[in-house]
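Undergrad: If it helps, the file is called structure-v6.txt and holds compact mmCIF, C-alpha atoms (C1' of nucleotides):
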```txt
# COMPACT_ATOMS: atom_id res chain seq x y z
CA MET A 1 37.87 -14.11 -30.90
CA SER A 2 36.55 -10.58 -31.35
CA ASP A 3 36.74 -7.89 -28.71
CA GLY A 4 33.38 -8.80 -27.20
CA ASP A 5 34.82 -12.03 -25.88
CA ARG A 6 35.27 -11.20 -22.20
CA SER A 7 31.56 -10.83 -21.66
CA GLU A 8 30.78 -14.22 -23.06
CA LYS A 9 33.31 -16.34 -21.24
CA ALA A 10 32.23 -18.51 -18.35
CA LEU A 11 33.38 -17.34 -14.94
CA SER A 12 36.92 -18.24 -13.99
CA ASP A 13 37.49 -20.15 -10.79
CA PHE A 14 38.85 -16.98 -9.25
CA GLU A 15 35.84 -14.91 -10.24
CA SER A 16 33.45 -17.55 -8.95
CA GLN A 17 35.10 -17.54 -5.57
CA VAL A 18 35.05 -13.78 -5.28
CA ILE A 19 31.37 -13.82 -6.17
CA GLU A 20 30.72 -16.50 -3.57
CA PHE A 21 32.50 -14.32 -1.07
CA PHE A 22 30.02 -11.53 -1.71
CA CYS A 23 27.07 -13.92 -1.64
CA ASP A 24 28.07 -14.88 1.89
CA GLY A 25 28.38 -11.22 2.74
CA VAL A 26 24.99 -10.09 1.53
CA LYS A 27 23.27 -13.04 3.17
CA ILE A 28 24.39 -11.68 6.54
CA LEU A 29 22.74 -8.41 5.60
CA GLY A 30 19.54 -10.20 4.69
CA LEU A 31 19.78 -9.43 1.00
CA PRO A 32 19.14 -12.00 -1.75
CA LYS A 33 21.96 -14.00 -3.24
CA SER A 34 21.55 -12.46 -6.69
CA ILE A 35 22.51 -9.11 -5.22
CA GLY A 36 25.75 -10.63 -4.02
CA GLU A 37 26.43 -12.21 -7.39
CA ILE A 38 25.86 -9.00 -9.26
CA TYR A 39 27.86 -6.79 -6.95
CA GLY A 40 30.58 -9.42 -6.74
CA LEU A 41 31.03 -9.59 -10.50
CA LEU A 42 31.03 -5.81 -10.79
CA PHE A 43 33.54 -5.56 -7.96
CA ILE A 44 36.03 -7.91 -9.55
CA SER A 45 35.63 -6.71 -13.13
CA PRO A 46 38.15 -4.15 -14.37
CA ASP A 47 35.61 -2.73 -16.80
CA PRO A 48 31.99 -1.66 -16.48
CA ILE A 49 29.37 -4.27 -17.20
CA SER A 50 25.95 -4.20 -18.82
CA LEU A 51 22.78 -5.96 -17.78
CA ASP A 52 23.23 -8.46 -20.59
CA ASP A 53 26.75 -9.22 -19.43
CA LEU A 54 25.37 -10.06 -15.99
CA VAL A 55 22.75 -12.34 -17.50
CA CYS A 56 25.26 -14.18 -19.68
CA ARG A 57 28.13 -14.50 -17.28
CA LEU A 58 26.19 -15.21 -14.08
CA GLY A 59 23.56 -17.33 -15.78
CA ILE A 60 20.68 -15.50 -14.10
CA SER A 61 17.49 -14.25 -15.66
CA LYS A 62 17.03 -10.78 -17.07
CA GLY A 63 14.38 -10.19 -14.42
CA SER A 64 16.75 -10.99 -11.60
CA ALA A 65 19.49 -8.87 -13.05
CA SER A 66 17.16 -5.94 -13.57
CA GLN A 67 15.74 -6.06 -10.06
CA GLY A 68 19.12 -6.69 -8.50
CA LEU A 69 20.62 -3.70 -10.25
CA ARG A 70 17.71 -1.57 -9.13
CA THR A 71 18.24 -2.52 -5.49
CA LEU A 72 21.97 -1.91 -5.76
CA ARG A 73 21.38 1.50 -7.32
CA GLU A 74 18.95 2.39 -4.53
CA LEU A 75 21.57 1.35 -1.99
CA GLY A 76 24.10 3.48 -3.80
CA ALA A 77 26.33 0.43 -4.25
CA VAL A 78 26.35 0.68 -8.02
CA ARG A 79 26.23 3.51 -10.51
CA GLU A 80 26.03 3.98 -14.24
CA ALA A 81 29.35 4.31 -16.00
CA GLU A 82 29.76 7.02 -18.59
CA VAL A 83 30.89 4.52 -21.19
CA THR A 84 27.57 4.49 -23.01
CA SER A 85 28.55 2.77 -26.21
CA GLY A 86 25.32 2.81 -28.14
CA ARG A 87 22.28 3.02 -25.89
CA ARG A 88 23.24 0.15 -23.65
CA VAL A 89 23.93 1.11 -20.02
CA TYR A 90 27.07 -0.06 -18.26
CA TYR A 91 27.49 -0.23 -14.51
CA GLU A 92 30.38 0.02 -12.10
CA PRO A 93 30.49 -0.57 -8.34
CA ASP A 94 30.96 1.97 -5.61
CA VAL A 95 33.78 0.49 -3.59
CA GLU A 96 33.93 2.97 -0.71
CA LEU A 97 32.98 1.14 2.47
CA LYS A 98 31.76 4.38 3.99
CA ARG A 99 29.22 4.93 1.26
CA LEU A 100 28.13 1.31 1.11
CA VAL A 101 27.43 1.28 4.81
CA GLY A 102 25.81 4.68 4.62
CA GLY A 103 23.47 3.55 1.88
CA PHE A 104 22.57 0.41 3.74
CA ILE A 105 21.80 2.30 6.92
CA LYS A 106 19.76 4.89 5.07
CA GLU A 107 17.73 2.42 3.04
CA GLN A 108 17.44 -0.62 5.27
CA VAL A 109 17.97 0.46 8.86
CA ARG A 110 16.52 3.92 9.34
CA PRO A 111 13.07 3.12 7.92
CA HIS A 112 12.70 0.32 10.46
CA LEU A 113 13.87 2.54 13.28
CA SER A 114 11.30 5.18 12.39
CA SER A 115 8.37 2.82 12.14
CA GLY A 116 9.54 1.23 15.38
CA GLU A 117 9.36 4.55 17.19
CA GLU A 118 5.84 5.13 15.96
CA LYS A 119 4.76 1.76 17.26
CA LEU A 120 6.44 2.49 20.55
CA ASP A 121 4.47 5.69 20.92
CA SER A 122 1.25 3.85 20.25
CA LEU A 123 2.18 1.26 22.88
CA LYS A 124 2.88 3.97 25.43
CA LYS A 125 -0.57 5.37 24.82
CA MET A 126 -2.07 1.94 25.46
CA VAL A 127 -0.31 1.76 28.81
CA GLY A 128 -1.49 5.25 29.67
CA ASP A 129 -5.06 4.15 28.99
CA MET A 130 -4.88 1.16 31.31
CA PRO A 131 -7.31 1.71 34.19
CA GLY A 132 -5.70 0.62 37.44
CA ASP A 133 -3.73 -2.29 36.11
CA VAL A 134 -1.12 -3.36 38.65
CA ARG A 135 1.24 -4.13 35.80
CA SER A 136 1.15 -0.74 34.12
CA ASP A 137 4.20 0.53 35.99
CA PHE A 138 6.18 -2.48 34.91
CA TYR A 139 5.00 -2.05 31.35
CA ALA A 140 5.89 1.63 31.33
CA GLY A 141 9.38 0.77 32.53
CA ARG A 142 9.90 -1.76 29.80
CA LEU A 143 8.69 0.61 27.10
CA GLU A 144 10.96 3.28 28.49
CA ARG A 145 13.83 0.89 28.06
CA LEU A 146 12.91 0.29 24.45
CA SER A 147 12.91 4.03 23.86
CA ARG A 148 16.41 4.18 25.23
CA TRP A 149 17.51 1.41 22.87
CA SER A 150 16.10 3.37 20.00
CA SER A 151 17.85 6.60 20.89
CA ARG A 152 21.11 4.77 21.40
CA ALA A 153 20.80 3.45 17.89
CA LYS A 154 20.17 6.91 16.54
CA VAL A 155 23.33 8.20 18.19
CA VAL A 156 25.50 5.28 17.23
CA LEU A 157 24.70 5.03 13.55
CA PRO A 158 26.19 8.38 12.54
CA LEU A 159 29.26 7.65 14.64
CA LEU A 160 29.61 4.35 12.89
CA GLN A 161 29.55 6.02 9.50
CA LYS A 162 32.06 8.59 10.65
CA PHE A 163 34.49 5.89 11.74
CA LEU A 164 34.23 3.95 8.54
CA GLY A 165 34.98 7.01 6.49
CA SER A 166 38.54 7.45 7.71
CA MET P 26 -9.58 -18.94 38.78
CA SER P 27 -6.59 -20.40 40.55
CA ASP P 28 -3.17 -18.78 40.65
CA GLY P 29 -1.99 -20.55 37.49
CA ASP P 30 -4.38 -18.48 35.44
CA ARG P 31 -2.03 -15.94 33.90
CA SER P 32 -0.22 -18.57 31.89
CA GLU P 33 -3.40 -19.83 30.31
CA LYS P 34 -4.95 -16.57 29.22
CA ALA P 35 -4.81 -15.56 25.61
CA LEU P 36 -2.50 -12.67 24.82
CA SER P 37 -3.90 -9.23 25.51
CA ASP P 38 -3.95 -6.73 22.70
CA PHE P 39 -1.10 -4.91 24.38
CA GLU P 40 1.02 -8.03 24.70
CA SER P 41 0.38 -8.97 21.08
CA GLN P 42 1.58 -5.63 19.87
CA VAL P 43 4.72 -5.73 21.96
CA ILE P 44 5.44 -9.18 20.58
CA GLU P 45 4.84 -7.96 17.05
CA PHE P 46 7.29 -5.16 17.74
CA PHE P 47 9.98 -7.68 18.55
CA CYS P 48 9.09 -9.84 15.56
CA ASP P 49 9.79 -6.85 13.35
CA GLY P 50 13.05 -6.32 15.18
CA VAL P 51 14.43 -9.82 14.86
CA LYS P 52 13.49 -10.00 11.22
CA ILE P 53 15.93 -7.15 10.55
CA LEU P 54 18.59 -9.23 12.25
CA GLY P 55 17.74 -12.20 10.08
CA LEU P 56 16.39 -14.31 12.91
CA PRO P 57 13.15 -16.30 12.71
CA LYS P 58 9.89 -14.86 13.86
CA SER P 59 9.46 -17.37 16.69
CA ILE P 60 12.58 -15.93 18.32
CA GLY P 61 10.92 -12.54 18.32
CA GLU P 62 7.71 -13.92 19.77
CA ILE P 63 9.50 -15.72 22.57
CA TYR P 64 11.78 -12.88 23.50
CA GLY P 65 8.89 -10.42 23.19
CA LEU P 66 6.69 -12.33 25.62
CA LEU P 67 9.55 -12.74 28.08
CA PHE P 68 10.38 -9.06 27.78
CA ILE P 69 6.89 -7.89 28.61
CA SER P 70 6.12 -10.45 31.32
CA PRO P 71 6.70 -9.35 34.91
CA ASP P 72 7.42 -12.93 35.96
CA PRO P 73 9.62 -15.67 34.54
CA ILE P 74 8.02 -18.02 32.06
CA SER P 75 8.37 -21.72 31.34
CA LEU P 76 8.54 -23.50 28.01
CA ASP P 77 4.98 -24.67 28.44
CA ASP P 78 3.82 -21.13 29.07
CA LEU P 79 5.36 -20.11 25.78
CA VAL P 80 3.64 -22.96 23.96
CA CYS P 81 0.23 -22.16 25.47
CA ARG P 82 0.26 -18.40 25.26
CA LEU P 83 1.98 -17.97 21.90
CA GLY P 84 0.29 -20.95 20.30
CA ILE P 85 3.54 -22.33 18.91
CA SER P 86 4.77 -25.90 18.98
CA LYS P 87 6.96 -27.32 21.71
CA GLY P 88 9.66 -27.88 19.12
CA SER P 89 9.70 -24.25 18.10
CA ALA P 90 9.72 -23.07 21.69
CA SER P 91 12.56 -25.42 22.58
CA GLN P 92 14.74 -24.41 19.63
CA GLY P 93 13.91 -20.75 20.04
CA LEU P 94 14.91 -20.81 23.68
CA ARG P 95 18.12 -22.55 22.80
CA THR P 96 19.06 -19.88 20.28
CA LEU P 97 18.19 -17.12 22.72
CA ARG P 98 20.31 -18.74 25.42
CA GLU P 99 23.22 -19.04 23.02
CA LEU P 100 22.85 -15.36 22.19
CA GLY P 101 22.78 -14.57 25.88
CA ALA P 102 19.41 -12.89 25.44
CA VAL P 103 17.65 -15.17 27.91
CA ARG P 104 18.68 -16.96 31.09
CA GLU P 105 17.18 -19.41 33.55
CA ALA P 106 15.46 -17.85 36.52
CA GLU P 107 16.17 -19.25 39.95
CA VAL P 108 12.48 -19.75 40.61
CA THR P 109 12.62 -23.49 40.06
CA SER P 110 9.26 -24.50 41.47
CA GLY P 111 9.42 -28.23 41.02
CA ARG P 112 11.73 -29.30 38.24
CA ARG P 113 10.31 -27.02 35.59
CA VAL P 114 12.66 -24.35 34.28
CA TYR P 115 11.58 -20.74 34.08
CA TYR P 116 13.23 -18.13 31.90
CA GLU P 117 13.74 -14.39 32.07
CA PRO P 118 15.15 -12.01 29.46
CA ASP P 119 18.39 -10.14 29.59
CA VAL P 120 17.33 -6.58 28.89
CA GLU P 121 20.73 -4.89 28.74
CA LEU P 122 21.22 -3.59 25.20
CA LYS P 123 24.97 -3.85 25.61
CA ARG P 124 24.84 -7.55 26.30
CA LEU P 125 22.24 -8.27 23.65
CA VAL P 126 24.35 -6.58 21.02
CA GLY P 127 27.48 -8.20 22.36
CA GLY P 128 25.94 -11.65 22.14
CA PHE P 129 24.70 -11.03 18.65
CA ILE P 130 28.08 -9.84 17.46
CA LYS P 131 29.86 -12.74 19.10
CA GLU P 132 27.51 -15.42 17.79
CA GLN P 133 26.35 -14.10 14.44
CA VAL P 134 28.87 -11.58 13.19
CA ARG P 135 32.35 -12.67 14.26
CA PRO P 136 32.11 -16.20 12.87
CA HIS P 137 31.32 -14.79 9.44
CA LEU P 138 34.15 -12.29 9.68
CA SER P 139 36.64 -15.05 10.51
CA SER P 140 35.60 -17.36 7.74
CA GLY P 141 35.63 -14.38 5.41
CA GLU P 142 39.23 -13.64 6.23
CA GLU P 143 40.22 -17.22 5.51
CA LYS P 144 38.56 -17.07 2.13
CA LEU P 145 40.28 -13.79 1.43
CA ASP P 146 43.67 -15.32 2.13
CA SER P 147 42.92 -18.15 -0.22
CA LEU P 148 41.91 -15.66 -2.92
CA LYS P 149 45.12 -13.74 -2.46
CA LYS P 150 47.05 -16.93 -3.03
CA MET P 151 45.16 -17.51 -6.25
CA VAL P 152 46.15 -14.08 -7.51
CA GLY P 153 49.74 -14.72 -6.52
CA ASP P 154 49.71 -17.87 -8.60
CA MET P 155 48.46 -16.14 -11.72
CA PRO P 156 51.17 -16.34 -14.39
CA GLY P 157 51.43 -13.07 -16.21
CA ASP P 158 47.79 -12.11 -16.16
CA VAL P 159 47.39 -8.44 -17.00
CA ARG P 160 44.54 -8.24 -14.53
CA SER P 161 46.41 -9.55 -11.51
CA ASP P 162 47.37 -6.08 -10.31
CA PHE P 163 43.78 -4.97 -10.46
CA TYR P 164 42.69 -8.10 -8.63
CA ALA P 165 45.31 -7.63 -5.94
CA GLY P 166 44.09 -4.10 -5.39
CA ARG P 167 40.51 -5.19 -5.00
CA LEU P 168 41.41 -7.91 -2.54
CA GLU P 169 43.50 -5.43 -0.60
CA ARG P 170 40.44 -3.28 -0.33
CA LEU P 171 38.41 -6.16 1.03
CA SER P 172 41.08 -6.74 3.65
CA ARG P 173 40.74 -3.16 4.72
CA TRP P 174 36.97 -3.54 5.03
CA SER P 175 37.52 -6.52 7.22
CA SER P 176 39.97 -4.81 9.55
CA ARG P 177 37.70 -1.80 9.80
CA ALA P 178 34.95 -4.07 11.00
CA LYS P 179 37.22 -5.62 13.58
CA VAL P 180 38.04 -2.20 14.98
CA VAL P 181 34.51 -0.86 14.89
CA LEU P 182 32.68 -3.73 16.56
CA PRO P 183 34.35 -3.37 19.98
CA LEU P 184 33.85 0.39 19.85
CA LEU P 185 30.21 -0.18 19.07
CA GLN P 186 29.81 -2.38 22.10
CA LYS P 187 31.60 0.13 24.27
CA PHE P 188 29.25 2.88 23.19
CA LEU P 189 26.13 0.88 23.83
CA GLY P 190 27.28 0.06 27.33
CA SER P 191 27.11 3.59 28.67
C1' DT N 2 6.08 5.17 -39.04
C1' DT N 3 7.73 0.83 -38.30
C1' DT N 4 11.10 -2.03 -36.55
C1' DT N 5 14.47 -3.47 -33.33
C1' DG N 6 16.73 -4.01 -29.08
C1' DA N 7 17.16 -2.75 -24.05
C1' DG N 8 15.09 -2.89 -19.88
C1' DT N 9 10.96 -3.46 -16.63
C1' DT N 10 7.14 -5.77 -14.53
C1' DC N 11 4.63 -9.27 -12.28
C1' DA N 12 2.29 -13.71 -11.84
C1' DA N 13 3.73 -18.34 -11.44
C1' DA N 14 7.40 -21.60 -10.33
C1' DT N 15 11.15 -22.67 -7.39
C1' DA N 16 14.18 -22.76 -3.69
C1' DG N 17 15.18 -22.18 0.98
C1' DA N 18 14.01 -21.54 5.68
C1' DT N 19 10.90 -22.19 9.52
C1' DT N 20 7.54 -24.73 11.99
C1' DT N 21 5.32 -28.73 13.33
C1' DG N 22 4.51 -33.11 15.58
C1' DA N 23 5.58 -37.49 16.90
C1' DA N 24 9.17 -40.34 18.67
C1' DC N 25 12.64 -40.23 21.93
C1' DA N 26 15.70 -39.22 26.13
C1' DA N 27 16.37 -37.84 30.87
C1' DA N 28 15.23 -37.42 35.51
C1' DG N 29 12.30 -37.01 39.56
C1' DA N 30 8.14 -39.12 41.93
C1' DG N 31 5.83 -42.92 43.67
C1' DC O 30 11.62 -50.32 38.97
C1' DT O 31 8.02 -48.06 36.59
C1' DC O 32 5.32 -44.17 35.65
C1' DT O 33 4.96 -39.44 34.65
C1' DT O 34 6.46 -35.10 33.43
C1' DT O 35 9.71 -32.09 31.05
C1' DG O 36 12.26 -31.08 27.36
C1' DT O 37 14.91 -32.37 22.83
C1' DT O 38 15.50 -33.96 18.12
C1' DC O 39 14.70 -34.32 13.34
C1' DA O 40 12.20 -35.59 9.15
C1' DA O 41 8.20 -34.01 6.89
C1' DA O 42 4.99 -30.31 6.07
C1' DT O 43 4.37 -25.59 5.56
C1' DC O 44 5.41 -21.03 4.61
C1' DT O 45 8.04 -17.19 2.86
C1' DA O 46 11.11 -15.12 -0.22
C1' DT O 47 13.57 -15.29 -4.50
C1' DT O 48 13.92 -16.34 -9.22
C1' DT O 49 12.15 -17.09 -13.63
C1' DG O 50 10.14 -16.05 -18.08
C1' DA O 51 6.92 -14.14 -21.02
C1' DA O 52 4.44 -10.00 -22.01
C1' DC O 53 5.06 -5.30 -22.05
C1' DT O 54 6.97 -0.32 -22.40
C1' DC O 55 10.02 2.87 -24.18
C1' DA O 56 13.24 4.94 -27.11
C1' DA O 57 16.37 4.99 -30.86
C1' DA O 58 17.37 3.58 -35.60
C1' DA O 59 16.03 2.93 -40.17
```
Hey, can you dump this file as structure tokens for me?
TA:
Amino acid sequence: MSDGDRSEKALSDFESQVIEFFCDGVKILGLPKSIGEIYGLLFISPDPISLDDLVCRLGISKGSASQGLRTLRELGAVREAEVTSGRRVYYEPDVELKRLVGGFIKEQVRPHLSSGEEKLDSLKKMVGDMPGDVRSDFYAGRLERLSRWSSRAKVVLPLLQKFLGS
Amino acid sequence: MSDGDRSEKALSDFESQVIEFFCDGVKILGLPKSIGEIYGLLFISPDPISLDDLVCRLGISKGSASQGLRTLRELGAVREAEVTSGRRVYYEPDVELKRLVGGFIKEQVRPHLSSGEEKLDSLKKMVGDMPGDVRSDFYAGRLERLSRWSSRAKVVLPLLQKFLGS
DNA sequence: TTTTGAGTTCAAATAGATTTGAACAAAGAG
DNA sequence: CTCTTTGTTCAAATCTATTTGAACTCAAAA
């Protein structure tokens, strides 16, 4: 066998189980399985890996691999390695929990929080515009509660990141 | 109109938007939309609501309403109201963020953490059983890192709940 | 400039999850 | 005891999200 062999080999039992472990993990986060497979293989591979490696070893399509890598880059969970042999790009995982969580919060959580606050404001206006509805006080109270939930979240998230960085 | 009228009326624009708000919310948590609709209507209704009310006002099937209520009860997000007029059961929401988060962590997060730790142990055994594999040190290091992630989570979750309870 | 190989895109296929609806169970009313 | 009402279950239908694969872009090599 030549030196390109590692990339071609089928996954070992050990590797498969590590990858499965990450598939479970990303499912909880609401991310697609392919993301878990890709990150899992990167995580357990001593050396950086190219898109073609992912396709061959995981048996997924180039399209999946490409989109999965894009998402992982956006999350900051994966970065390009410097080992650019030729023009092919190799990737390696970011394995700092702090940064993984930070990226997830920034990309997946905060956007929802923001759009939620906008909708809340619009709902408050609707209640303000209700003529003499006997329920408007109740409604206002409920919306107020939602606002409190939202601000709690905004306070807690940075604390969370701080804790995970220790 | 008789006094049963509120249950029959179609959703007001306001109610619809509140419900949509919760649908967005539960989707982030990876729960089905019907859960968001049910909790949303309960949250914005001044009075307790029966399964039939949910079916009529939300336009969902009895099956969906029944299963959705079950999940919400398991999460501790909804409870029976005492107002048992006749033998029909009425429900009201739990609106304490602390308890909602607590229920979610207990039901949806902890089980995954536990099963994850078991799988990790099994992986560690596999590495221990590797003959003289040059990669086994690298593997052991990675698995050690995963263990640290897991214990971080176990420390952070209770703190999170504590914070949200203030 | 042309050719080659790496990577991206997106419409269509597929897989996976939710919702439905009809049959069923349980319990009070008559 | 039987009828009626309330709620549950689960297989089939539906819907949504992911994956595929072929066409395409871009850049480097020749």
Undergrad: Per residue of range 43-160 of chain A within 12 Å of range 10-23 of chain N, note the shortest atom pair and the distance in Å to one decimal, counting all atoms listed in the file, and order the rows by chain and increasing residue number, as a Markdown table.
TA:
```
| residue | atom | partner | partner_atom | distance |
| --- | --- | --- | --- | --- |
| A:Lys62 | CA | N:DT10 | C1' | 11.4 |
| A:Gly63 | CA | N:DT10 | C1' | 8.5 |
| A:Ser64 | CA | N:DT10 | C1' | 11.3 |
| A:Ser66 | CA | N:DT10 | C1' | 10.1 |
| A:Gln67 | CA | N:DT10 | C1' | 9.7 |
```
Undergrad: Between CA of Glu40 in chain P and CA of Glu118 in chain A, what is the distance, to one decimal in Å?
TA: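 CA of Glu118 in chain A lies at a distance of 16.5 Å from CA of Glu40 in chain P.
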Undergrad: Fit chain A to chain P: least squares, all C-alpha atoms, paired in order; write the output as a short mmCIF file (atom, residue, chain, number, x, y, z; two decimals) with C-alpha atoms, keeping the file's coordinate frame.
TA:
```
data_model
loop_
_atom_site.label_atom_id
_atom_site.label_comp_id
_atom_site.auth_asym_id
_atom_site.auth_seq_id
_atom_site.Cartn_x
_atom_site.Cartn_y
_atom_site.Cartn_z
CA MET A 1 -9.60 -18.96 38.80
CA SER A 2 -6.59 -20.49 40.53
CA ASP A 3 -3.17 -18.91 40.65
CA GLY A 4 -2.01 -20.61 37.46
CA ASP A 5 -4.37 -18.47 35.44
CA ARG A 6 -1.97 -15.93 33.93
CA SER A 7 -0.18 -18.57 31.92
CA GLU A 8 -3.33 -19.83 30.32
CA LYS A 9 -4.92 -16.59 29.23
CA ALA A 10 -4.80 -15.56 25.60
CA LEU A 11 -2.50 -12.66 24.82
CA SER A 12 -3.89 -9.22 25.51
CA ASP A 13 -3.96 -6.71 22.69
CA PHE A 14 -1.10 -4.90 24.37
CA GLU A 15 1.02 -8.01 24.69
CA SER A 16 0.38 -8.96 21.08
CA GLN A 17 1.57 -5.61 19.87
CA VAL A 18 4.72 -5.71 21.95
CA ILE A 19 5.44 -9.16 20.58
CA GLU A 20 4.87 -7.94 17.04
CA PHE A 21 7.29 -5.15 17.75
CA PHE A 22 9.99 -7.68 18.56
CA CYS A 23 9.10 -9.83 15.56
CA ASP A 24 9.82 -6.84 13.34
CA GLY A 25 13.06 -6.31 15.20
CA VAL A 26 14.45 -9.80 14.88
CA LYS A 27 13.51 -9.99 11.22
CA ILE A 28 15.95 -7.14 10.56
CA LEU A 29 18.61 -9.22 12.27
CA GLY A 30 17.77 -12.20 10.10
CA LEU A 31 16.41 -14.29 12.94
CA PRO A 32 13.17 -16.31 12.73
CA LYS A 33 9.90 -14.85 13.87
CA SER A 34 9.49 -17.36 16.69
CA ILE A 35 12.58 -15.91 18.32
CA GLY A 36 10.92 -12.52 18.33
CA GLU A 37 7.72 -13.92 19.77
CA ILE A 38 9.50 -15.71 22.56
CA TYR A 39 11.78 -12.86 23.52
CA GLY A 40 8.90 -10.41 23.19
CA LEU A 41 6.69 -12.32 25.61
CA LEU A 42 9.54 -12.73 28.07
CA PHE A 43 10.37 -9.04 27.79
CA ILE A 44 6.87 -7.88 28.61
CA SER A 45 6.12 -10.44 31.31
CA PRO A 46 6.68 -9.35 34.90
CA ASP A 47 7.40 -12.92 35.94
CA PRO A 48 9.60 -15.67 34.54
CA ILE A 49 8.03 -18.02 32.06
CA SER A 50 8.37 -21.72 31.34
CA LEU A 51 8.55 -23.50 28.02
CA ASP A 52 4.98 -24.68 28.44
CA ASP A 53 3.82 -21.14 29.08
CA LEU A 54 5.37 -20.10 25.77
CA VAL A 55 3.65 -22.95 23.97
CA CYS A 56 0.24 -22.17 25.46
CA ARG A 57 0.28 -18.42 25.28
CA LEU A 58 1.99 -17.98 21.91
CA GLY A 59 0.30 -20.96 20.31
CA ILE A 60 3.56 -22.34 18.92
CA SER A 61 4.80 -25.90 19.00
CA LYS A 62 6.99 -27.33 21.72
CA GLY A 63 9.68 -27.87 19.11
CA SER A 64 9.71 -24.23 18.12
CA ALA A 65 9.75 -23.06 21.69
CA SER A 66 12.58 -25.41 22.59
CA GLN A 67 14.75 -24.40 19.65
CA GLY A 68 13.93 -20.74 20.05
CA LEU A 69 14.92 -20.79 23.69
CA ARG A 70 18.14 -22.56 22.81
CA THR A 71 19.07 -19.87 20.29
CA LEU A 72 18.19 -17.11 22.73
CA ARG A 73 20.29 -18.74 25.45
CA GLU A 74 23.23 -19.03 23.04
CA LEU A 75 22.84 -15.35 22.21
CA GLY A 76 22.77 -14.57 25.89
CA ALA A 77 19.39 -12.89 25.46
CA VAL A 78 17.65 -15.17 27.92
CA ARG A 79 18.66 -16.95 31.09
CA GLU A 80 17.18 -19.39 33.54
CA ALA A 81 15.45 -17.84 36.52
CA GLU A 82 16.14 -19.25 39.95
CA VAL A 83 12.45 -19.77 40.59
CA THR A 84 12.59 -23.51 39.98
CA SER A 85 9.26 -24.56 41.39
CA GLY A 86 9.37 -28.29 40.94
CA ARG A 87 11.69 -29.36 38.14
CA ARG A 88 10.24 -27.06 35.53
CA VAL A 89 12.64 -24.38 34.25
CA TYR A 90 11.58 -20.75 34.08
CA TYR A 91 13.23 -18.13 31.91
CA GLU A 92 13.71 -14.40 32.07
CA PRO A 93 15.13 -12.00 29.48
CA ASP A 94 18.39 -10.13 29.59
CA VAL A 95 17.33 -6.58 28.91
CA GLU A 96 20.72 -4.87 28.74
CA LEU A 97 21.21 -3.59 25.20
CA LYS A 98 24.96 -3.83 25.62
CA ARG A 99 24.83 -7.54 26.31
CA LEU A 100 22.24 -8.27 23.65
CA VAL A 101 24.35 -6.58 21.02
CA GLY A 102 27.48 -8.19 22.37
CA GLY A 103 25.95 -11.64 22.15
CA PHE A 104 24.70 -11.03 18.66
CA ILE A 105 28.09 -9.84 17.47
CA LYS A 106 29.86 -12.74 19.12
CA GLU A 107 27.53 -15.42 17.83
CA GLN A 108 26.36 -14.11 14.48
CA VAL A 109 28.88 -11.59 13.22
CA ARG A 110 32.35 -12.66 14.28
CA PRO A 111 32.12 -16.21 12.89
CA HIS A 112 31.32 -14.79 9.46
CA LEU A 113 34.14 -12.30 9.68
CA SER A 114 36.63 -15.04 10.51
CA SER A 115 35.59 -17.37 7.73
CA GLY A 116 35.60 -14.38 5.40
CA GLU A 117 39.23 -13.63 6.21
CA GLU A 118 40.21 -17.21 5.51
CA LYS A 119 38.56 -17.07 2.12
CA LEU A 120 40.27 -13.79 1.42
CA ASP A 121 43.65 -15.33 2.13
CA SER A 122 42.90 -18.17 -0.23
CA LEU A 123 41.89 -15.68 -2.92
CA LYS A 124 45.12 -13.75 -2.48
CA LYS A 125 47.05 -16.95 -3.02
CA MET A 126 45.15 -17.54 -6.26
CA VAL A 127 46.15 -14.10 -7.51
CA GLY A 128 49.74 -14.73 -6.52
CA ASP A 129 49.70 -17.91 -8.60
CA MET A 130 48.45 -16.18 -11.73
CA PRO A 131 51.17 -16.40 -14.40
CA GLY A 132 51.44 -13.08 -16.21
CA ASP A 133 47.80 -12.15 -16.16
CA VAL A 134 47.39 -8.47 -17.02
CA ARG A 135 44.55 -8.27 -14.54
CA SER A 136 46.40 -9.57 -11.51
CA ASP A 137 47.37 -6.10 -10.32
CA PHE A 138 43.78 -4.99 -10.47
CA TYR A 139 42.68 -8.11 -8.64
CA ALA A 140 45.30 -7.65 -5.95
CA GLY A 141 44.08 -4.10 -5.41
CA ARG A 142 40.50 -5.18 -5.02
CA LEU A 143 41.40 -7.92 -2.55
CA GLU A 144 43.48 -5.44 -0.62
CA ARG A 145 40.42 -3.28 -0.34
CA LEU A 146 38.40 -6.16 1.03
CA SER A 147 41.06 -6.75 3.65
CA ARG A 148 40.73 -3.15 4.70
CA TRP A 149 36.97 -3.53 5.02
CA SER A 150 37.51 -6.51 7.24
CA SER A 151 39.96 -4.78 9.55
CA ARG A 152 37.69 -1.77 9.80
CA ALA A 153 34.95 -4.06 10.98
CA LYS A 154 37.21 -5.59 13.57
CA VAL A 155 38.04 -2.17 14.96
CA VAL A 156 34.52 -0.85 14.89
CA LEU A 157 32.70 -3.69 16.57
CA PRO A 158 34.35 -3.33 19.98
CA LEU A 159 33.83 0.42 19.83
CA LEU A 160 30.20 -0.15 19.08
CA GLN A 161 29.81 -2.36 22.12
CA LYS A 162 31.61 0.17 24.26
CA PHE A 163 29.23 2.93 23.21
CA LEU A 164 26.14 0.91 23.85
CA GLY A 165 27.27 0.07 27.33
CA SER A 166 27.07 3.61 28.68
#
```
Undergrad: So, counting all atoms listed in the file, which residue among A:Met126, A:Val55, A:Ile60, A:Ile44 is closest to chain O?
TA: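 Of A:Met126, A:Val55, A:Ile60, A:Ile44, the one nearest chain O is A:Ile60, counting all atoms listed in the file.
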